[in-house]
Amino acid sequence: MTLPRIVPEQEWLAALRQQIDREKAFTRARDDLNAQRRRLPMVRIDKDYSFAGPSGTVSLDDLFDGRRQLIVYHFMFGPDWQAGCDGCSWVVDAMTHPAHLNARDTSIVLVSRAPLEKLLKYQQRMGWRHPGWYSSLDSDFNLDMGATVADPDDPTRTSERHGVSVFLRDGGNIHRSYFNGARGVEYLGSLWTYLDLTPYGRQETWEDSPQGWPQTEPYAWNRRHDEYGS
């Protein structure tokens with residue numbers, strides 16, 4: 001393995017300043033993307049959805065918990081699965097206390113198709129106290145939101161997708177303002193963001209890293225937090 005050049009501190013500081021300038025430009029570009037997202041058109045949700053939660057059956061409106069904005073993380077956990085998605089588990093491991101979002105009139109919940117009993121059991125295993133987790137097993141919510149996708153050749157077969165949906169409540173109306181999935185939501189899992197700061201990065205084969213850097217196939221190394229070393 002060949003390290004990058006080892007240089008005097010002044011040369012390192014000069015290179016660092018150039019890198020910070022590039023990162024500031026990226027931050028400004030991201031700010032522009034965020035501004036455009038805030039101006040996206042929305043679609044009104046006219047369908048009634050029901051969810052099973054710890055306190056019983058609730059509606060989509062109930063998930064707002066009295067606030068105007070709602071973030072739903074579509075956690076991959078199929079009805080017949082024995083455990084939740086390990087990548088989605090990474091995302092929830094990195095979620096902060098919801099009080100900070102609540103202070104800005106925003107609620108956040110997890111929604112999966114697995115029965116509530118499985119969700120609560122897995123939540124206990126992972127040691128998560130928040131956010132709230134709800135089962136959409138008895139509604140079309142996941143299908144309508146693109147979080148569960150039917151096989152075009154056999155509609156009885158489905159696959160689960162992770163993603164994030166954002167909703168805005170305006171009076172008696174609920175609107176969906178945003179959705180993204182795949183790598184579009186990975187920045188929600190700040191564990192990846194932390195790894196991006198390190199010399200080795202995520203240590204995955206798709207990354208552009210110096211020759212000889214340790215790398216493995218993506219999605220092959222990460223585990224649920226209680227499975228490392230097993």
# chains A, B, ... in the order shown; residues from 1 in each chain; ligands from 1
>>> closest_atom_pairs(of="range 61-142 of chain A", to="range 216-229 of chain A", cutoff="10 Å", atoms="only C-alpha atoms", output="JSON lines")
{"residue": "A:Ala83", "atom": "CA", "partner": "A:Arg224", "partner_atom": "CA", "distance": 9.9}
{"residue": "A:Gly84", "atom": "CA", "partner": "A:Arg224", "partner_atom": "CA", "distance": 9.2}
{"residue": "A:Cys85", "atom": "CA", "partner": "A:Arg224", "partner_atom": "CA", "distance": 8.5}
{"residue": "A:Asp86", "atom": "CA", "partner": "A:Arg224", "partner_atom": "CA", "distance": 5.2}
{"residue": "A:Gly87", "atom": "CA", "partner": "A:Asn222", "partner_atom": "CA", "distance": 7.6}
{"residue": "A:Cys88", "atom": "CA", "partner": "A:Arg224", "partner_atom": "CA", "distance": 9.3}
{"residue": "A:Ser89", "atom": "CA", "partner": "A:Arg224", "partner_atom": "CA", "distance": 6.4}
{"residue": "A:Trp90", "atom": "CA", "partner": "A:Arg224", "partner_atom": "CA", "distance": 7.1}
{"residue": "A:Asp93", "atom": "CA", "partner": "A:His225", "partner_atom": "CA", "distance": 8.2}
{"residue": "A:Arg125", "atom": "CA", "partner": "A:Asp226", "partner_atom": "CA", "distance": 8.7}
{"residue": "A:Met126", "atom": "CA", "partner": "A:Asp226", "partner_atom": "CA", "distance": 7.6}
>>> residues_around(residues="range 169-179 of chain A", least_positions_apart="3", cutoff="8 Å", atoms="only C-alpha atoms", output="list in words")
Arg37, Leu40, Pro41, Met42, Val43, Arg44, Ile45, Asp46, Asp61, Arg67, Arg68, Gln69, Gly163, Val164, Ser165 and Val166 of chain A
>>> write_last_selection(atoms="C-alpha atoms", output="PDB file, in the first residue's frame")
ATOM      1  CA  ARG A  37     -36.425  20.986  -3.456  1.00  0.00           C
ATOM      2  CA  LEU A  40     -41.003  21.322  -5.968  1.00  0.00           C
ATOM      3  CA  PRO A  41     -44.675  20.894  -6.867  1.00  0.00           C
ATOM      4  CA  MET A  42     -46.616  18.612  -4.531  1.00  0.00           C
ATOM      5  CA  VAL A  43     -49.291  15.959  -4.919  1.00  0.00           C
ATOM      6  CA  ARG A  44     -52.306  15.746  -2.634  1.00  0.00           C
ATOM      7  CA  ILE A  45     -52.897  12.473  -0.805  1.00  0.00           C
ATOM      8  CA  ASP A  46     -56.604  11.674  -1.121  1.00  0.00           C
ATOM      9  CA  ASP A  61     -52.701  12.325   9.666  1.00  0.00           C
ATOM     10  CA  ARG A  67     -47.150  18.958  13.432  1.00  0.00           C
ATOM     11  CA  ARG A  68     -47.205  20.343   9.887  1.00  0.00           C
ATOM     12  CA  GLN A  69     -44.361  18.320   8.368  1.00  0.00           C
ATOM     13  CA  GLY A 163     -36.439   5.412   0.783  1.00  0.00           C
ATOM     14  CA  VAL A 164     -37.740   8.576   2.367  1.00  0.00           C
ATOM     15  CA  SER A 165     -41.033  10.379   1.761  1.00  0.00           C
ATOM     16  CA  VAL A 166     -41.825  13.888   2.967  1.00  0.00           C
TER      17      VAL A 166
END
>>> residues_around(residues="range 108-121 of chain A", least_positions_apart="2", cutoff="8 Å", atoms="only C-alpha atoms", output="count of residues only")
34
>>> atom_distance(atom1="CA of Val7 in chain A", atom2="CA of Thr205 in chain A")
27.4 Å
>>> atom_distance(atom1="CA of Asp196 in chain A", atom2="CA of Asp32 in chain A")
21.9 Å
>>> residues_around(residues="Leu197 in chain A", least_positions_apart="6", cutoff="12 Å", atoms="only C-alpha atoms", output="list of chain:residue names")
A:Gln19, A:Glu23, A:Ser190, A:Leu191, A:Gln203
>>> select_by_dssp(residues="range 51-124 of chain A", states="strand (DSSP E)", output="PyMOL selection string")
chain A and resi 51-53+56-59+69-74+106-112
>>> residues_around(residues="Ser59 in chain A", least_positions_apart="4", cutoff="8 Å", atoms="only C-alpha atoms", output="ChimeraX atom specification")
/A:48-51,63
>>> closest_residue(among="A:Pro8, A:Gly127, A:Gly66, A:Gly181", to="Ala147 in chain A", atoms="only C-alpha atoms")
A:Gly181
>>> decode(residues="range 176-192 of chain A", atoms="all heavy atoms", output="mmCIF file, in the first residue's frame")
data_model
loop_
_atom_site.group_PDB
_atom_site.id
_atom_site.type_symbol
_atom_site.label_atom_id
_atom_site.label_comp_id
_atom_site.auth_asym_id
_atom_site.auth_seq_id
_atom_site.Cartn_x
_atom_site.Cartn_y
_atom_site.Cartn_z
ATOM 1 N N ARG A 176 -47.766 15.213 -0.552
ATOM 2 C CA ARG A 176 -46.442 14.588 -0.617
ATOM 3 C C ARG A 176 -45.527 15.502 -1.417
ATOM 4 O O ARG A 176 -45.814 15.826 -2.572
ATOM 5 C CB ARG A 176 -46.536 13.213 -1.284
ATOM 6 C CG ARG A 176 -45.272 12.359 -1.144
ATOM 7 C CD ARG A 176 -45.403 11.073 -1.928
ATOM 8 N NE ARG A 176 -44.341 10.121 -1.602
ATOM 9 C CZ ARG A 176 -44.064 9.051 -2.349
ATOM 10 N NH1 ARG A 176 -44.755 8.798 -3.445
ATOM 11 N NH2 ARG A 176 -43.083 8.231 -1.994
ATOM 12 N N SER A 177 -44.426 15.904 -0.794
ATOM 13 C CA SER A 177 -43.562 16.899 -1.434
ATOM 14 C C SER A 177 -42.291 16.306 -2.021
ATOM 15 O O SER A 177 -41.702 16.890 -2.933
ATOM 16 C CB SER A 177 -43.177 17.990 -0.425
ATOM 17 O OG SER A 177 -42.362 17.450 0.612
ATOM 18 N N TYR A 178 -41.860 15.133 -1.506
ATOM 19 C CA TYR A 178 -40.546 14.630 -1.923
ATOM 20 C C TYR A 178 -40.462 13.129 -1.683
ATOM 21 O O TYR A 178 -41.081 12.593 -0.767
ATOM 22 C CB TYR A 178 -39.441 15.340 -1.127
ATOM 23 C CG TYR A 178 -38.025 14.952 -1.522
ATOM 24 C CD1 TYR A 178 -37.482 15.349 -2.738
ATOM 25 C CD2 TYR A 178 -37.239 14.181 -0.672
ATOM 26 C CE1 TYR A 178 -36.193 14.996 -3.100
ATOM 27 C CE2 TYR A 178 -35.945 13.831 -1.018
ATOM 28 C CZ TYR A 178 -35.419 14.240 -2.239
ATOM 29 O OH TYR A 178 -34.136 13.878 -2.593
ATOM 30 N N PHE A 179 -39.679 12.471 -2.533
ATOM 31 C CA PHE A 179 -39.338 11.057 -2.333
ATOM 32 C C PHE A 179 -37.985 10.801 -2.973
ATOM 33 O O PHE A 179 -37.677 11.330 -4.040
ATOM 34 C CB PHE A 179 -40.372 10.127 -2.970
ATOM 35 C CG PHE A 179 -39.941 8.678 -2.940
ATOM 36 C CD1 PHE A 179 -40.087 7.924 -1.788
ATOM 37 C CD2 PHE A 179 -39.367 8.076 -4.057
ATOM 38 C CE1 PHE A 179 -39.679 6.601 -1.741
ATOM 39 C CE2 PHE A 179 -38.949 6.757 -4.020
ATOM 40 C CZ PHE A 179 -39.107 6.023 -2.858
ATOM 41 N N ASN A 180 -37.179 9.975 -2.312
ATOM 42 C CA ASN A 180 -35.933 9.506 -2.908
ATOM 43 C C ASN A 180 -35.566 8.184 -2.261
ATOM 44 O O ASN A 180 -36.007 7.873 -1.156
ATOM 45 C CB ASN A 180 -34.804 10.524 -2.726
ATOM 46 C CG ASN A 180 -33.751 10.427 -3.814
ATOM 47 O OD1 ASN A 180 -33.630 9.396 -4.481
ATOM 48 N ND2 ASN A 180 -32.988 11.485 -3.997
ATOM 49 N N GLY A 181 -34.782 7.414 -2.978
ATOM 50 C CA GLY A 181 -34.352 6.118 -2.472
ATOM 51 C C GLY A 181 -32.930 5.827 -2.907
ATOM 52 O O GLY A 181 -32.202 6.708 -3.357
ATOM 53 N N ALA A 182 -32.535 4.537 -2.786
ATOM 54 C CA ALA A 182 -31.186 4.096 -3.149
ATOM 55 C C ALA A 182 -30.154 5.008 -2.481
ATOM 56 O O ALA A 182 -30.282 5.371 -1.327
ATOM 57 C CB ALA A 182 -31.028 4.047 -4.664
ATOM 58 N N ARG A 183 -29.103 5.429 -3.220
ATOM 59 C CA ARG A 183 -28.068 6.268 -2.627
ATOM 60 C C ARG A 183 -28.539 7.701 -2.386
ATOM 61 O O ARG A 183 -27.841 8.480 -1.733
ATOM 62 C CB ARG A 183 -26.832 6.276 -3.521
ATOM 63 C CG ARG A 183 -26.105 4.925 -3.581
ATOM 64 C CD ARG A 183 -24.738 5.088 -4.191
ATOM 65 N NE ARG A 183 -23.902 5.951 -3.365
ATOM 66 C CZ ARG A 183 -22.771 6.515 -3.815
ATOM 67 N NH1 ARG A 183 -22.381 6.334 -5.056
ATOM 68 N NH2 ARG A 183 -22.052 7.271 -3.010
ATOM 69 N N GLY A 184 -29.726 8.016 -2.881
ATOM 70 C CA GLY A 184 -30.255 9.356 -2.680
ATOM 71 C C GLY A 184 -30.565 9.676 -1.226
ATOM 72 O O GLY A 184 -30.751 10.844 -0.884
ATOM 73 N N VAL A 185 -30.621 8.648 -0.379
ATOM 74 C CA VAL A 185 -30.902 8.910 1.035
ATOM 75 C C VAL A 185 -29.751 8.492 1.941
ATOM 76 O O VAL A 185 -29.872 8.548 3.159
ATOM 77 C CB VAL A 185 -32.195 8.184 1.493
ATOM 78 C CG1 VAL A 185 -33.388 8.657 0.685
ATOM 79 C CG2 VAL A 185 -32.046 6.670 1.397
ATOM 80 N N GLU A 186 -28.614 8.117 1.359
ATOM 81 C CA GLU A 186 -27.550 7.605 2.216
ATOM 82 C C GLU A 186 -26.958 8.665 3.130
ATOM 83 O O GLU A 186 -26.399 8.344 4.173
ATOM 84 C CB GLU A 186 -26.443 6.960 1.382
ATOM 85 C CG GLU A 186 -25.603 7.927 0.579
ATOM 86 C CD GLU A 186 -24.516 7.219 -0.226
ATOM 87 O OE1 GLU A 186 -24.582 5.991 -0.330
ATOM 88 O OE2 GLU A 186 -23.629 7.911 -0.741
ATOM 89 N N TYR A 187 -27.083 9.935 2.773
ATOM 90 C CA TYR A 187 -26.549 10.970 3.654
ATOM 91 C C TYR A 187 -27.354 11.064 4.950
ATOM 92 O O TYR A 187 -26.902 11.655 5.929
ATOM 93 C CB TYR A 187 -26.495 12.319 2.945
ATOM 94 C CG TYR A 187 -27.825 12.961 2.674
ATOM 95 C CD1 TYR A 187 -28.359 13.875 3.573
ATOM 96 C CD2 TYR A 187 -28.542 12.675 1.517
ATOM 97 C CE1 TYR A 187 -29.590 14.483 3.326
ATOM 98 C CE2 TYR A 187 -29.762 13.268 1.267
ATOM 99 C CZ TYR A 187 -30.289 14.170 2.173
ATOM 100 O OH TYR A 187 -31.500 14.756 1.924
ATOM 101 N N LEU A 188 -28.549 10.449 4.979
ATOM 102 C CA LEU A 188 -29.292 10.386 6.234
ATOM 103 C C LEU A 188 -28.562 9.511 7.242
ATOM 104 O O LEU A 188 -28.660 9.725 8.444
ATOM 105 C CB LEU A 188 -30.699 9.814 5.992
ATOM 106 C CG LEU A 188 -31.610 10.601 5.055
ATOM 107 C CD1 LEU A 188 -32.914 9.840 4.838
ATOM 108 C CD2 LEU A 188 -31.898 11.985 5.618
ATOM 109 N N GLY A 189 -27.844 8.500 6.742
ATOM 110 C CA GLY A 189 -27.058 7.651 7.621
ATOM 111 C C GLY A 189 -25.680 8.245 7.797
ATOM 112 O O GLY A 189 -24.763 7.977 7.022
ATOM 113 N N SER A 190 -25.499 9.097 8.811
ATOM 114 C CA SER A 190 -24.268 9.865 8.921
ATOM 115 C C SER A 190 -23.043 8.996 9.148
ATOM 116 O O SER A 190 -21.919 9.473 9.087
ATOM 117 C CB SER A 190 -24.392 10.893 10.053
ATOM 118 O OG SER A 190 -24.640 10.238 11.289
ATOM 119 N N LEU A 191 -23.226 7.704 9.406
ATOM 120 C CA LEU A 191 -22.074 6.816 9.548
ATOM 121 C C LEU A 191 -21.267 6.787 8.255
ATOM 122 O O LEU A 191 -20.038 6.768 8.280
ATOM 123 C CB LEU A 191 -22.539 5.414 9.932
ATOM 124 C CG LEU A 191 -23.307 5.338 11.265
ATOM 125 C CD1 LEU A 191 -23.968 3.986 11.424
ATOM 126 C CD2 LEU A 191 -22.376 5.617 12.429
ATOM 127 N N TRP A 192 -21.944 6.802 7.115
ATOM 128 C CA TRP A 192 -21.237 6.872 5.836
ATOM 129 C C TRP A 192 -20.517 8.210 5.715
ATOM 130 O O TRP A 192 -19.387 8.280 5.231
ATOM 131 C CB TRP A 192 -22.211 6.699 4.679
ATOM 132 C CG TRP A 192 -22.718 5.301 4.515
ATOM 133 C CD1 TRP A 192 -22.004 4.194 4.143
ATOM 134 C CD2 TRP A 192 -24.055 4.859 4.731
ATOM 135 N NE1 TRP A 192 -22.816 3.089 4.108
ATOM 136 C CE2 TRP A 192 -24.087 3.466 4.463
ATOM 137 C CE3 TRP A 192 -25.234 5.480 5.109
ATOM 138 C CZ2 TRP A 192 -25.246 2.707 4.567
ATOM 139 C CZ3 TRP A 192 -26.381 4.724 5.217
ATOM 140 C CH2 TRP A 192 -26.378 3.360 4.946
#
